[in-house]
$ cat coords20.cif   # mmCIF, C-alpha atoms
data_input
loop_
_atom_site.label_atom_id
_atom_site.label_comp_id
_atom_site.auth_asym_id
_atom_site.auth_seq_id
_atom_site.Cartn_x
_atom_site.Cartn_y
_atom_site.Cartn_z
CA MET A 1 24.12 -6.18 26.75
CA ASN A 2 20.47 -6.81 25.92
CA ALA A 3 18.76 -5.60 22.74
CA ALA A 4 17.10 -2.66 24.49
CA ASP A 5 20.52 -1.30 25.52
CA SER A 6 22.05 -1.66 22.06
CA PRO A 7 22.47 1.51 19.97
CA ARG A 8 21.13 -0.48 17.02
CA TYR A 9 17.69 -0.85 18.64
CA ARG A 10 15.03 1.81 19.02
CA LYS A 11 11.63 1.91 20.61
CA ILE A 12 9.07 3.22 18.13
CA VAL A 13 5.34 3.73 18.07
CA LEU A 14 3.23 3.03 15.01
CA THR A 15 -0.51 3.34 14.67
CA VAL A 16 -1.37 0.33 12.54
CA ASP A 17 -4.90 -0.06 11.23
CA GLY A 18 -6.11 2.28 13.96
CA GLU A 19 -4.30 0.60 16.86
CA GLU A 20 -1.28 2.22 18.50
CA ARG A 21 1.55 -0.30 18.78
CA THR A 22 4.93 0.07 20.50
CA LEU A 23 7.87 -2.07 19.49
CA ASP A 24 11.64 -2.33 19.79
CA VAL A 25 13.29 -2.71 16.40
CA ASP A 26 16.76 -2.96 15.01
CA THR A 27 17.41 0.28 13.14
CA ARG A 28 17.90 -1.77 9.97
CA THR A 29 14.40 -3.29 10.14
CA THR A 30 12.15 -2.38 7.24
CA LEU A 31 8.62 -1.23 7.87
CA LEU A 32 7.42 -4.39 6.12
CA ASP A 33 9.39 -6.64 8.47
CA ALA A 34 8.25 -4.62 11.50
CA LEU A 35 4.65 -5.10 10.44
CA ARG A 36 4.87 -8.78 9.56
CA ASP A 37 7.53 -10.16 11.91
CA HIS A 38 7.16 -7.93 14.97
CA LEU A 39 3.45 -7.08 14.93
CA GLY A 40 1.93 -10.05 13.09
CA VAL A 41 0.25 -7.83 10.49
CA THR A 42 0.27 -10.02 7.38
CA ALA A 43 -1.83 -8.03 4.90
CA PRO A 44 1.24 -6.49 3.22
CA LYS A 45 3.13 -9.28 1.48
CA LYS A 46 6.84 -9.76 1.00
CA GLY A 47 7.32 -10.19 -2.73
CA CYS A 48 10.51 -8.95 -4.31
CA ASP A 49 11.96 -7.06 -1.29
CA HIS A 50 13.22 -4.45 -3.81
CA GLY A 51 10.16 -2.20 -4.24
CA GLN A 52 9.47 -3.50 -7.72
CA CYS A 53 6.32 -5.63 -7.27
CA GLY A 54 4.15 -3.50 -4.98
CA SER A 55 2.81 -6.41 -2.90
CA CYS A 56 4.00 -4.66 0.27
CA THR A 57 2.19 -1.37 -0.48
CA VAL A 58 0.53 0.28 2.52
CA LEU A 59 -0.86 3.73 3.18
CA LEU A 60 1.74 5.55 5.26
CA ASP A 61 0.40 8.76 6.75
CA GLY A 62 -2.18 8.75 3.96
CA ARG A 63 0.20 8.16 1.06
CA ARG A 64 0.94 4.88 -0.65
CA ALA A 65 4.36 3.48 0.12
CA THR A 66 6.29 0.30 -0.58
CA SER A 67 6.99 -0.81 2.97
CA CYS A 68 9.98 -2.98 1.99
CA LEU A 69 11.98 0.13 1.00
CA THR A 70 11.71 2.17 4.16
CA PHE A 71 13.10 1.68 7.63
CA ALA A 72 10.58 1.41 10.45
CA VAL A 73 12.54 3.83 12.67
CA ALA A 74 12.11 6.55 10.05
CA HIS A 75 8.37 6.43 10.69
CA ASP A 76 8.18 6.58 14.46
CA GLY A 77 4.75 8.03 15.24
CA ALA A 78 3.37 7.30 11.76
CA ARG A 79 -0.08 6.07 10.86
CA VAL A 80 0.01 2.89 8.76
CA VAL A 81 -3.09 1.51 7.08
CA THR A 82 -2.97 -1.91 5.48
CA ALA A 83 -5.66 -3.54 3.35
CA HIS A 84 -6.91 -5.22 6.53
CA GLY A 85 -7.52 -1.87 8.19
CA LEU A 86 -9.66 -0.47 5.36
CA ALA A 87 -12.85 -2.33 6.17
CA ASP A 88 -15.33 -0.99 8.70
CA GLY A 89 -16.07 -4.18 10.61
CA ASP A 90 -17.73 -6.50 8.11
CA VAL A 91 -18.32 -3.71 5.59
CA LEU A 92 -15.60 -3.65 2.95
CA HIS A 93 -14.04 -0.45 1.66
CA SER A 94 -15.48 0.43 -1.77
CA VAL A 95 -12.21 -0.54 -3.48
CA GLN A 96 -12.15 -3.91 -1.69
CA GLN A 97 -15.78 -4.49 -2.67
CA ALA A 98 -15.04 -3.63 -6.29
CA PHE A 99 -12.14 -6.12 -6.34
CA VAL A 100 -14.52 -8.83 -5.11
CA GLU A 101 -17.30 -7.92 -7.53
CA GLN A 102 -14.98 -7.63 -10.54
CA ASP A 103 -12.95 -10.73 -9.63
CA GLY A 104 -9.86 -8.51 -9.46
CA LEU A 105 -7.89 -11.23 -7.70
CA GLN A 106 -6.87 -14.75 -8.41
CA CYS A 107 -4.29 -16.07 -5.99
CA GLY A 108 -4.75 -12.93 -3.86
CA TYR A 109 -1.08 -12.42 -3.08
CA CYS A 110 -0.80 -9.01 -4.71
CA THR A 111 -4.35 -7.94 -3.82
CA PRO A 112 -3.67 -6.12 -0.52
CA GLY A 113 -0.95 -4.04 -2.17
CA GLN A 114 -3.09 -3.44 -5.26
CA ILE A 115 -5.97 -2.20 -3.10
CA CYS A 116 -3.81 0.13 -0.99
CA SER A 117 -2.13 1.42 -4.12
CA ALA A 118 -5.48 2.07 -5.83
CA ILE A 119 -6.67 4.11 -2.84
CA GLY A 120 -3.41 6.09 -2.83
CA MET A 121 -3.71 6.55 -6.58
CA PHE A 122 -7.23 8.00 -6.20
CA ASP A 123 -5.93 10.50 -3.64
CA GLU A 124 -3.08 11.53 -5.95
CA PHE A 125 -5.49 11.86 -8.86
CA LEU A 126 -7.94 13.96 -6.81
CA ALA A 127 -5.02 16.19 -5.77
CA LEU A 128 -4.50 16.80 -9.52
CA GLN A 129 -1.04 15.26 -9.54
CA PRO A 130 -0.15 14.37 -13.14
CA SER A 131 1.30 11.05 -14.19
CA ALA A 132 3.72 10.23 -16.99
CA VAL A 133 0.78 9.79 -19.40
CA THR A 134 -1.26 12.84 -18.39
CA GLU A 135 -1.84 14.61 -21.70
CA LYS A 136 -2.70 18.15 -20.64
CA LEU A 137 -0.66 19.35 -17.70
CA THR A 138 -2.62 22.61 -17.44
CA ALA A 139 -6.01 20.85 -17.13
CA PRO A 140 -7.26 18.40 -14.53
CA PRO A 141 -6.28 14.85 -15.52
CA GLU A 142 -8.91 12.41 -16.74
CA LEU A 143 -8.98 8.98 -15.15
CA THR A 144 -8.65 7.04 -18.38
CA ASP A 145 -7.64 3.40 -18.54
CA ASP A 146 -4.15 4.52 -19.59
CA GLU A 147 -3.96 6.82 -16.52
CA ILE A 148 -5.00 3.95 -14.24
CA ARG A 149 -2.50 1.55 -15.83
CA GLU A 150 0.34 4.08 -15.51
CA ARG A 151 -0.49 5.02 -11.94
CA MET A 152 -0.76 1.35 -10.93
CA SER A 153 2.34 0.25 -12.87
CA GLY A 154 4.33 -0.34 -9.68
CA ASN A 155 1.99 -3.15 -8.66
CA LEU A 156 2.52 -6.46 -10.41
CA CYS A 157 0.12 -9.40 -10.60
CA ARG A 158 1.73 -12.76 -11.28
CA CYS A 159 -1.64 -14.29 -12.21
CA GLY A 160 -2.36 -11.73 -14.90
CA ALA A 161 -5.67 -10.47 -13.49
CA TYR A 162 -4.97 -7.01 -14.93
CA PRO A 163 -8.25 -6.66 -16.91
CA ASN A 164 -10.26 -7.42 -13.77
CA ILE A 165 -8.06 -5.18 -11.60
CA LEU A 166 -8.63 -2.36 -14.08
CA ALA A 167 -12.38 -3.04 -14.02
CA ALA A 168 -12.37 -3.02 -10.21
CA ILE A 169 -10.53 0.29 -10.06
CA ARG A 170 -12.83 1.76 -12.71
CA GLN A 171 -15.89 0.59 -10.67
CA ALA A 172 -14.49 2.08 -7.46
CA ALA A 173 -13.74 5.36 -9.25
CA GLU A 174 -17.32 5.59 -10.44
CA ALA A 175 -18.77 4.86 -7.00
#

$ encode --input "coords20.cif" --output "structure tokens"
Amino acid sequence: MNAADSPRYRKIVLTVDGEERTLDVDTRTTLLDALRDHLGVTAPKKGCDHGQCGSCTVLLDGRRATSCLTFAVAHDGARVVTAHGLADGDVLHSVQQAFVEQDGLQCGYCTPGQICSAIGMFDEFLALQPSAVTEKLTAPPELTDDEIRERMSGNLCRCGAYPNILAAIRQAAEA
């Protein structure tokens, strides 16, 4: 029996960084492994493989998601945007540009996940979703440094570039 005939394999379609891609995956394959191992998309990084570091964060149908914690087959037909797919040709997304200008990266390993998470965080903030540190739940939240830190707390940086990451996110928010 070949893999295509096995009940453990499914054909799925993902639109990754604007390109529709079809692949056969084992039903136990994570979205992260489908992206990296099956499609060669290496922007999301494999860090902890437990959803604790955020280096695998992508935008999944417009919402930030840790791709190591979800099965690819659960997202058949989904739109996945990685940090690589944010730029418009040679023009960086405003969050990417802010990370460059504020030196919000050192080794760069966590950077793609940080950038995707920041974009997802902005969308959540603009949708008036409170965080654990939002002071007034009946008023629109303010994007304070504490709000940014809390909302980005699922993304770890081993190099400790947090002050520059915060500055980059602050710059992008003001743009």

$ resolve_selection --input "coords20.cif" --expression "the PyMOL selection byres ((chain A and resi 63) around 10)" --output "NGL selection string"
:A and (57-62 or 64-65 or 80-81 or 116-117 or 119-121 or 123-124)

$ residues_around --input "coords20.cif" --residues "Thr82 of chain A" --least-positions-apart "3" --cutoff "10 Å" --atoms "only C-alpha atoms" --output "PDB file with C-alpha atoms, keeping the file's coordinate frame"
ATOM      1  CA  VAL A  16      -1.370   0.330  12.540  1.00  0.00           C
ATOM      2  CA  ASP A  17      -4.900  -0.060  11.230  1.00  0.00           C
ATOM      3  CA  GLY A  18      -6.110   2.280  13.960  1.00  0.00           C
ATOM      4  CA  LEU A  35       4.650  -5.100  10.440  1.00  0.00           C
ATOM      5  CA  VAL A  41       0.250  -7.830  10.490  1.00  0.00           C
ATOM      6  CA  THR A  42       0.270 -10.020   7.380  1.00  0.00           C
ATOM      7  CA  ALA A  43      -1.830  -8.030   4.900  1.00  0.00           C
ATOM      8  CA  PRO A  44       1.240  -6.490   3.220  1.00  0.00           C
ATOM      9  CA  CYS A  56       4.000  -4.660   0.270  1.00  0.00           C
ATOM     10  CA  THR A  57       2.190  -1.370  -0.480  1.00  0.00           C
ATOM     11  CA  VAL A  58       0.530   0.280   2.520  1.00  0.00           C
ATOM     12  CA  LEU A  59      -0.860   3.730   3.180  1.00  0.00           C
ATOM     13  CA  LEU A  60       1.740   5.550   5.260  1.00  0.00           C
ATOM     14  CA  ARG A  64       0.940   4.880  -0.650  1.00  0.00           C
ATOM     15  CA  GLY A  85      -7.520  -1.870   8.190  1.00  0.00           C
ATOM     16  CA  LEU A  86      -9.660  -0.470   5.360  1.00  0.00           C
ATOM     17  CA  ALA A  87     -12.850  -2.330   6.170  1.00  0.00           C
ATOM     18  CA  PRO A 112      -3.670  -6.120  -0.520  1.00  0.00           C
ATOM     19  CA  GLY A 113      -0.950  -4.040  -2.170  1.00  0.00           C
ATOM     20  CA  ILE A 115      -5.970  -2.200  -3.100  1.00  0.00           C
ATOM     21  CA  CYS A 116      -3.810   0.130  -0.990  1.00  0.00           C
TER      22      CYS A 116
END

$ atom_distance --input "coords20.cif" --atom1 "atom CA of Glu142 of chain A" --atom2 "atom CA of Leu166 of chain A"
15.0 Å

$ resolve_selection --input "coords20.cif" --expression "the PyMOL selection byres ((chain A and resi 38) around 12)" --output "PyMOL selection string"
chain A and resi 12+14+21-26+29-37+39-42+72

$ atom_distance --input "coords20.cif" --atom1 "atom CA of Cys53 of chain A" --atom2 "atom CA of Gln106 of chain A"
16.1 Å

$ residues_around --input "coords20.cif" --residues "segment 45-52 of chain A" --least-positions-apart "6" --cutoff "7 Å" --atoms "all atoms listed in the file" --output "ChimeraX atom specification"
/A:66,68-69,109,154

$ resolve_selection --input "coords20.cif" --expression "the PyMOL selection byres ((chain A and resi 104) around 6)" --output "list in words"
Phe99, Gln102, Asp103, Leu105, Asn164 and Ile165 of chain A

$ closest_residue --input "coords20.cif" --among "A:Ala118, A:Leu128, A:Ala168, A:Val13" --to "Ser153 of chain A" --atoms "only C-alpha atoms"
A:Ala118

$ atom_distance --input "coords20.cif" --atom1 "atom CA of Pro141 of chain A" --atom2 "atom CA of Leu126 of chain A"
8.9 Å

$ residues_around --input "coords20.cif" --residues "Arg28 of chain A" --least-positions-apart "6" --cutoff "10 Å" --atoms "only C-alpha atoms" --output "list of chain:residue names"
A:Arg8, A:Tyr9, A:Thr70, A:Phe71, A:Ala72, A:Val73

$ write_last_selection --input "coords20.cif" --atoms "C-alpha atoms" --output "tab-separated table (two decimals), in the frame of the given file"
chain	number	residue	atom	x	y	z
A	8	ARG	CA	21.13	-0.48	17.02
A	9	TYR	CA	17.69	-0.85	18.64
A	70	THR	CA	11.71	2.17	4.16
A	71	PHE	CA	13.10	1.68	7.63
A	72	ALA	CA	10.58	1.41	10.45
A	73	VAL	CA	12.54	3.83	12.67

$ axis_aligned_box --input "coords20.cif" --around "segment 21-27 of chain A" --padding-each-side "3 Å" --output "AutoDock Vina command-line options"
--center_x 9.5 --center_y -1.3 --center_z 16.8 --size_x 21.9 --size_y 9.2 --size_z 13.4

$ closest_residue --input "coords20.cif" --among "A:Arg151, A:Thr15, A:Val91, A:Gly160" --to "Ala78 of chain A" --atoms "all atoms listed in the file"
A:Thr15
